[in-house]
Amino acid sequence: MPKWTKTLVIVGPTASGKTGVAIELAKQLGGEIISADSRAIYRGLDIGTAKPTPAEQGGIPHWGIDLVDPDQRFTAADFKNYARQKIVEILARGHLPIVVGGTGLYVDALVYDYQFTPAAKSSQSDRQQAEHNFYTVGIKVDKAELRQRIQQRARQMFDNKIVQETEQLAARYDFQLQSMRSNIYPIVWQMIQGQLTEEQAIHAFEQDDWHLAKRQITWFKRNPDIVWAERDEIINLVYNNLALLQK
């Protein structure tokens, strides 16, 4: 395989198929994946955060998953530092780092070298240098298709023992924690308590995920450095621009 010098970044809204594309590219190019998902960092939050299962990971190393417990603090600055170190390690192994996720602040903190302390301001040249170490592509999805994918995933989660996972988490953690509030678990807990029917819970989660997707689209659309393509075109787009990852 060619010598990689830069990092591929794949962004897009929730349920757009980012993970599948990233895994396929990692298999073809000898890559390792770094998740940029502020929900997948938590241990035990598996089904409800749509983490790829070991089988779905297909033997590709995945980083940025299961880093902390739900009651532990983890910031965008923590992610930036973690991801930068992983990129160094992956490149040293001769592999291609592939950052994939929908948490815009995580991605931007890494790509644009955000400084989170007043005493350590980076210069414009530092920010440009950081930016040039990445090639970022975004997955375009028709809104009707995205809505359908969100609906399908919601129903699949209820088929995949999300109720049992929620009960296990509720026995250990407070629903006031940010980690527990920002996903499907509070909705499922309402269902467990008899406040919602299963159909109502599924619909509520669909609406919640749809609103998340719209916020993500708005965030990423403001970034002129992202090269957009349909999901089925992303792999060809990357192959046509491999030289950008090798300079």
# chains A, B, ... in the order shown; residues from 1 in each chain; ligands from 1

$ residues_around --residues "region 145-151 of chain A" --least-positions-apart "6" --cutoff "8 Å" --atoms "only C-alpha atoms" --output "PyMOL selection string"
chain A and resi 14-16+206+209-210

$ select_by_dssp --residues "region 82-237 of chain A" --states "strand (DSSP E or B)" --output "PyMOL selection string"
chain A and resi 96-101+134-140+227-230

$ write_last_selection --atoms "N, CA, C and O atoms" --output "mmCIF file, in the first residue's frame"
data_model
loop_
_atom_site.group_PDB
_atom_site.id
_atom_site.type_symbol
_atom_site.label_atom_id
_atom_site.label_comp_id
_atom_site.auth_asym_id
_atom_site.auth_seq_id
_atom_site.Cartn_x
_atom_site.Cartn_y
_atom_site.Cartn_z
ATOM 1 N N LEU A 96 -3.903 3.961 7.047
ATOM 2 C CA LEU A 96 -4.599 5.218 6.780
ATOM 3 C C LEU A 96 -5.563 5.527 7.919
ATOM 4 O O LEU A 96 -6.486 4.754 8.176
ATOM 5 N N PRO A 97 -5.398 6.660 8.612
ATOM 6 C CA PRO A 97 -6.378 7.050 9.634
ATOM 7 C C PRO A 97 -7.657 7.537 8.958
ATOM 8 O O PRO A 97 -7.602 8.379 8.045
ATOM 9 N N ILE A 98 -8.798 7.020 9.396
ATOM 10 C CA ILE A 98 -10.093 7.443 8.866
ATOM 11 C C ILE A 98 -10.954 7.903 10.032
ATOM 12 O O ILE A 98 -11.387 7.091 10.852
ATOM 13 N N VAL A 99 -11.162 9.198 10.129
ATOM 14 C CA VAL A 99 -12.013 9.762 11.175
ATOM 15 C C VAL A 99 -13.441 9.794 10.633
ATOM 16 O O VAL A 99 -13.690 10.334 9.550
ATOM 17 N N VAL A 100 -14.371 9.220 11.373
ATOM 18 C CA VAL A 100 -15.751 9.163 10.881
ATOM 19 C C VAL A 100 -16.714 9.509 12.002
ATOM 20 O O VAL A 100 -16.590 9.018 13.112
ATOM 21 N N GLY A 101 -17.646 10.399 11.705
ATOM 22 C CA GLY A 101 -18.622 10.738 12.734
ATOM 23 C C GLY A 101 -19.467 11.943 12.393
ATOM 24 O O GLY A 101 -19.228 12.644 11.408
ATOM 25 N N PHE A 134 -5.617 16.986 6.561
ATOM 26 C CA PHE A 134 -6.858 16.227 6.470
ATOM 27 C C PHE A 134 -7.511 16.417 5.095
ATOM 28 O O PHE A 134 -7.371 17.462 4.467
ATOM 29 N N TYR A 135 -8.205 15.368 4.653
ATOM 30 C CA TYR A 135 -9.054 15.460 3.466
ATOM 31 C C TYR A 135 -10.452 15.026 3.912
ATOM 32 O O TYR A 135 -10.647 13.888 4.349
ATOM 33 N N THR A 136 -11.412 15.938 3.834
ATOM 34 C CA THR A 136 -12.733 15.705 4.404
ATOM 35 C C THR A 136 -13.793 15.559 3.322
ATOM 36 O O THR A 136 -13.940 16.421 2.448
ATOM 37 N N VAL A 137 -14.533 14.459 3.396
ATOM 38 C CA VAL A 137 -15.649 14.223 2.485
ATOM 39 C C VAL A 137 -16.927 14.097 3.302
ATOM 40 O O VAL A 137 -16.906 13.682 4.462
ATOM 41 N N GLY A 138 -18.037 14.485 2.684
ATOM 42 C CA GLY A 138 -19.326 14.425 3.365
ATOM 43 C C GLY A 138 -20.325 13.630 2.562
ATOM 44 O O GLY A 138 -20.326 13.679 1.322
ATOM 45 N N ILE A 139 -21.176 12.884 3.248
ATOM 46 C CA ILE A 139 -22.184 12.060 2.592
ATOM 47 C C ILE A 139 -23.472 12.861 2.422
ATOM 48 O O ILE A 139 -24.088 13.284 3.397
ATOM 49 N N LYS A 140 -23.853 13.060 1.167
ATOM 50 C CA LYS A 140 -25.121 13.715 0.847
ATOM 51 C C LYS A 140 -26.226 12.659 0.856
ATOM 52 O O LYS A 140 -26.068 11.604 0.255
ATOM 53 N N VAL A 227 -15.904 18.093 0.841
ATOM 54 C CA VAL A 227 -16.276 17.696 -0.522
ATOM 55 C C VAL A 227 -17.440 16.715 -0.399
ATOM 56 O O VAL A 227 -17.300 15.645 0.203
ATOM 57 N N TRP A 228 -18.582 17.071 -0.977
ATOM 58 C CA TRP A 228 -19.797 16.281 -0.795
ATOM 59 C C TRP A 228 -20.041 15.332 -1.964
ATOM 60 O O TRP A 228 -19.754 15.651 -3.116
ATOM 61 N N ALA A 229 -20.595 14.158 -1.635
ATOM 62 C CA ALA A 229 -20.973 13.191 -2.669
ATOM 63 C C ALA A 229 -22.041 12.263 -2.097
ATOM 64 O O ALA A 229 -22.182 12.129 -0.871
ATOM 65 N N GLU A 230 -22.799 11.629 -2.992
ATOM 66 C CA GLU A 230 -23.762 10.623 -2.552
ATOM 67 C C GLU A 230 -23.001 9.459 -1.913
ATOM 68 O O GLU A 230 -21.842 9.206 -2.234
#

$ closest_residue --among "A:Ser182, A:Gln200, A:Thr75, A:Gln168" --to "Arg155 (chain A)" --atoms "only C-alpha atoms"
A:Gln200

$ residues_around --residues "region 113-122 of chain A" --least-positions-apart "4" --cutoff "8 Å" --atoms "only C-alpha atoms" --output "list in words"
Ala77, Lys80, Asp108, Ala109, Asp126, Arg127, Ala130 and Glu131 of chain A

$ write_last_selection --atoms "all heavy atoms" --output "compact mmCIF listing (two decimals), in the first residue's frame"
# COMPACT_ATOMS: atom_id res chain seq x y z
N ALA A 77 -12.02 18.88 23.70
CA ALA A 77 -10.57 18.99 23.83
C ALA A 77 -9.95 17.62 24.10
O ALA A 77 -8.89 17.28 23.55
CB ALA A 77 -10.22 19.95 24.96
N LYS A 80 -9.95 15.78 20.80
CA LYS A 80 -8.89 16.27 19.90
C LYS A 80 -7.55 15.66 20.27
O LYS A 80 -6.82 15.15 19.40
CB LYS A 80 -8.82 17.79 19.98
CG LYS A 80 -7.63 18.39 19.24
CD LYS A 80 -7.44 19.86 19.61
CE LYS A 80 -6.05 20.32 19.20
NZ LYS A 80 -5.77 21.69 19.63
N ASP A 108 -14.30 19.41 13.94
CA ASP A 108 -13.67 20.72 13.72
C ASP A 108 -12.53 20.98 14.70
O ASP A 108 -11.52 21.59 14.33
CB ASP A 108 -14.71 21.83 13.83
CG ASP A 108 -15.66 21.86 12.64
OD1 ASP A 108 -15.45 21.06 11.70
OD2 ASP A 108 -16.60 22.68 12.65
N ALA A 109 -12.67 20.54 15.94
CA ALA A 109 -11.59 20.71 16.92
C ALA A 109 -10.32 20.03 16.44
O ALA A 109 -9.22 20.56 16.59
CB ALA A 109 -12.02 20.14 18.27
N ASP A 126 -0.69 27.91 12.07
CA ASP A 126 -0.85 26.61 12.74
C ASP A 126 -2.17 25.96 12.34
O ASP A 126 -2.24 24.77 12.06
CB ASP A 126 -0.82 26.77 14.26
CG ASP A 126 0.55 27.14 14.79
OD1 ASP A 126 1.53 26.87 14.08
OD2 ASP A 126 0.63 27.72 15.88
N ARG A 127 -3.24 26.79 12.30
CA ARG A 127 -4.55 26.26 11.94
C ARG A 127 -4.56 25.78 10.50
O ARG A 127 -5.15 24.75 10.18
CB ARG A 127 -5.62 27.33 12.17
CG ARG A 127 -5.90 27.62 13.63
CD ARG A 127 -6.79 28.82 13.78
NE ARG A 127 -8.08 28.61 13.15
CZ ARG A 127 -9.12 28.02 13.72
NH1 ARG A 127 -9.01 27.58 14.95
NH2 ARG A 127 -10.26 27.89 13.10
N ALA A 130 -2.75 22.47 10.28
CA ALA A 130 -3.58 21.36 10.77
C ALA A 130 -4.61 20.98 9.73
O ALA A 130 -4.83 19.79 9.44
CB ALA A 130 -4.26 21.79 12.07
N GLU A 131 -5.27 21.97 9.15
CA GLU A 131 -6.30 21.72 8.15
C GLU A 131 -5.74 20.93 6.97
O GLU A 131 -6.39 20.04 6.42
CB GLU A 131 -6.88 23.05 7.68
CG GLU A 131 -7.87 22.96 6.54
CD GLU A 131 -8.21 24.33 5.98
OE1 GLU A 131 -8.04 25.33 6.70
OE2 GLU A 131 -8.63 24.38 4.82

$ closest_residue --among "A:Gly48, A:Gly102, A:Gly20, A:Gly31" --to "Leu8 (chain A)" --atoms "only C-alpha atoms"
A:Gly31

$ closest_residue --among "A:Ile202, A:Ile10, A:Ile235, A:Leu29" --to "Asp159 (chain A)" --atoms "only C-alpha atoms"
A:Ile202

$ select_by_dssp --residues "region 10-90 of chain A" --states "helix (DSSP H, G or I)" --output "NGL selection string"
:A and (18-29 or 47-49 or 54-57 or 76-90)

$ residues_around --residues "Lys86 (chain A)" --least-positions-apart "5" --cutoff "12 Å" --atoms "only C-alpha atoms" --output "list in words"
Thr7, Glu32, Ile33, Ile34, Ser35, Pro61, His62, Trp63, Gly64, Phe79, Lys80, Asn81, Leu91, Ala92, Arg93, His95, Leu96, Pro97, Ile98, Val99 and Leu110 of chain A

$ residues_around --residues "Thr5 (chain A)" --least-positions-apart "3" --cutoff "8 Å" --atoms "only C-alpha atoms" --output "list in words"
Leu91, Asn133, Leu245, Gln246 and Lys247 of chain A

$ write_last_selection --atoms "C-alpha atoms" --output "mmCIF file, in the first residue's frame"
data_model
loop_
_atom_site.group_PDB
_atom_site.id
_atom_site.type_symbol
_atom_site.label_atom_id
_atom_site.label_comp_id
_atom_site.auth_asym_id
_atom_site.auth_seq_id
_atom_site.Cartn_x
_atom_site.Cartn_y
_atom_site.Cartn_z
ATOM 1 C CA LEU A 91 0.377 6.544 10.396
ATOM 2 C CA ASN A 133 -3.293 17.346 7.183
ATOM 3 C CA LEU A 245 -3.662 11.690 1.290
ATOM 4 C CA GLN A 246 -0.112 10.919 0.240
ATOM 5 C CA LYS A 247 1.490 14.329 -0.247
#

$ residues_around --residues "region 214-217 of chain A" --least-positions-apart "2" --cutoff "8 Å" --atoms "only C-alpha atoms" --output "list of chain:residue names"
A:Gly12, A:Pro13, A:Thr14, A:Gly102, A:Thr103, A:Gly104, A:Trp210, A:His211, A:Leu212, A:Trp219, A:Phe220, A:Lys221

$ closest_residue --among "A:Thr166, A:Ser123, A:Asn240, A:Gln57" --to "Ile184 (chain A)" --atoms "only C-alpha atoms"
A:Thr166

$ closest_residue --among "A:Arg43, A:His132, A:Arg153, A:Lys27" --to "Glu165 (chain A)" --atoms "only C-alpha atoms"
A:Arg43
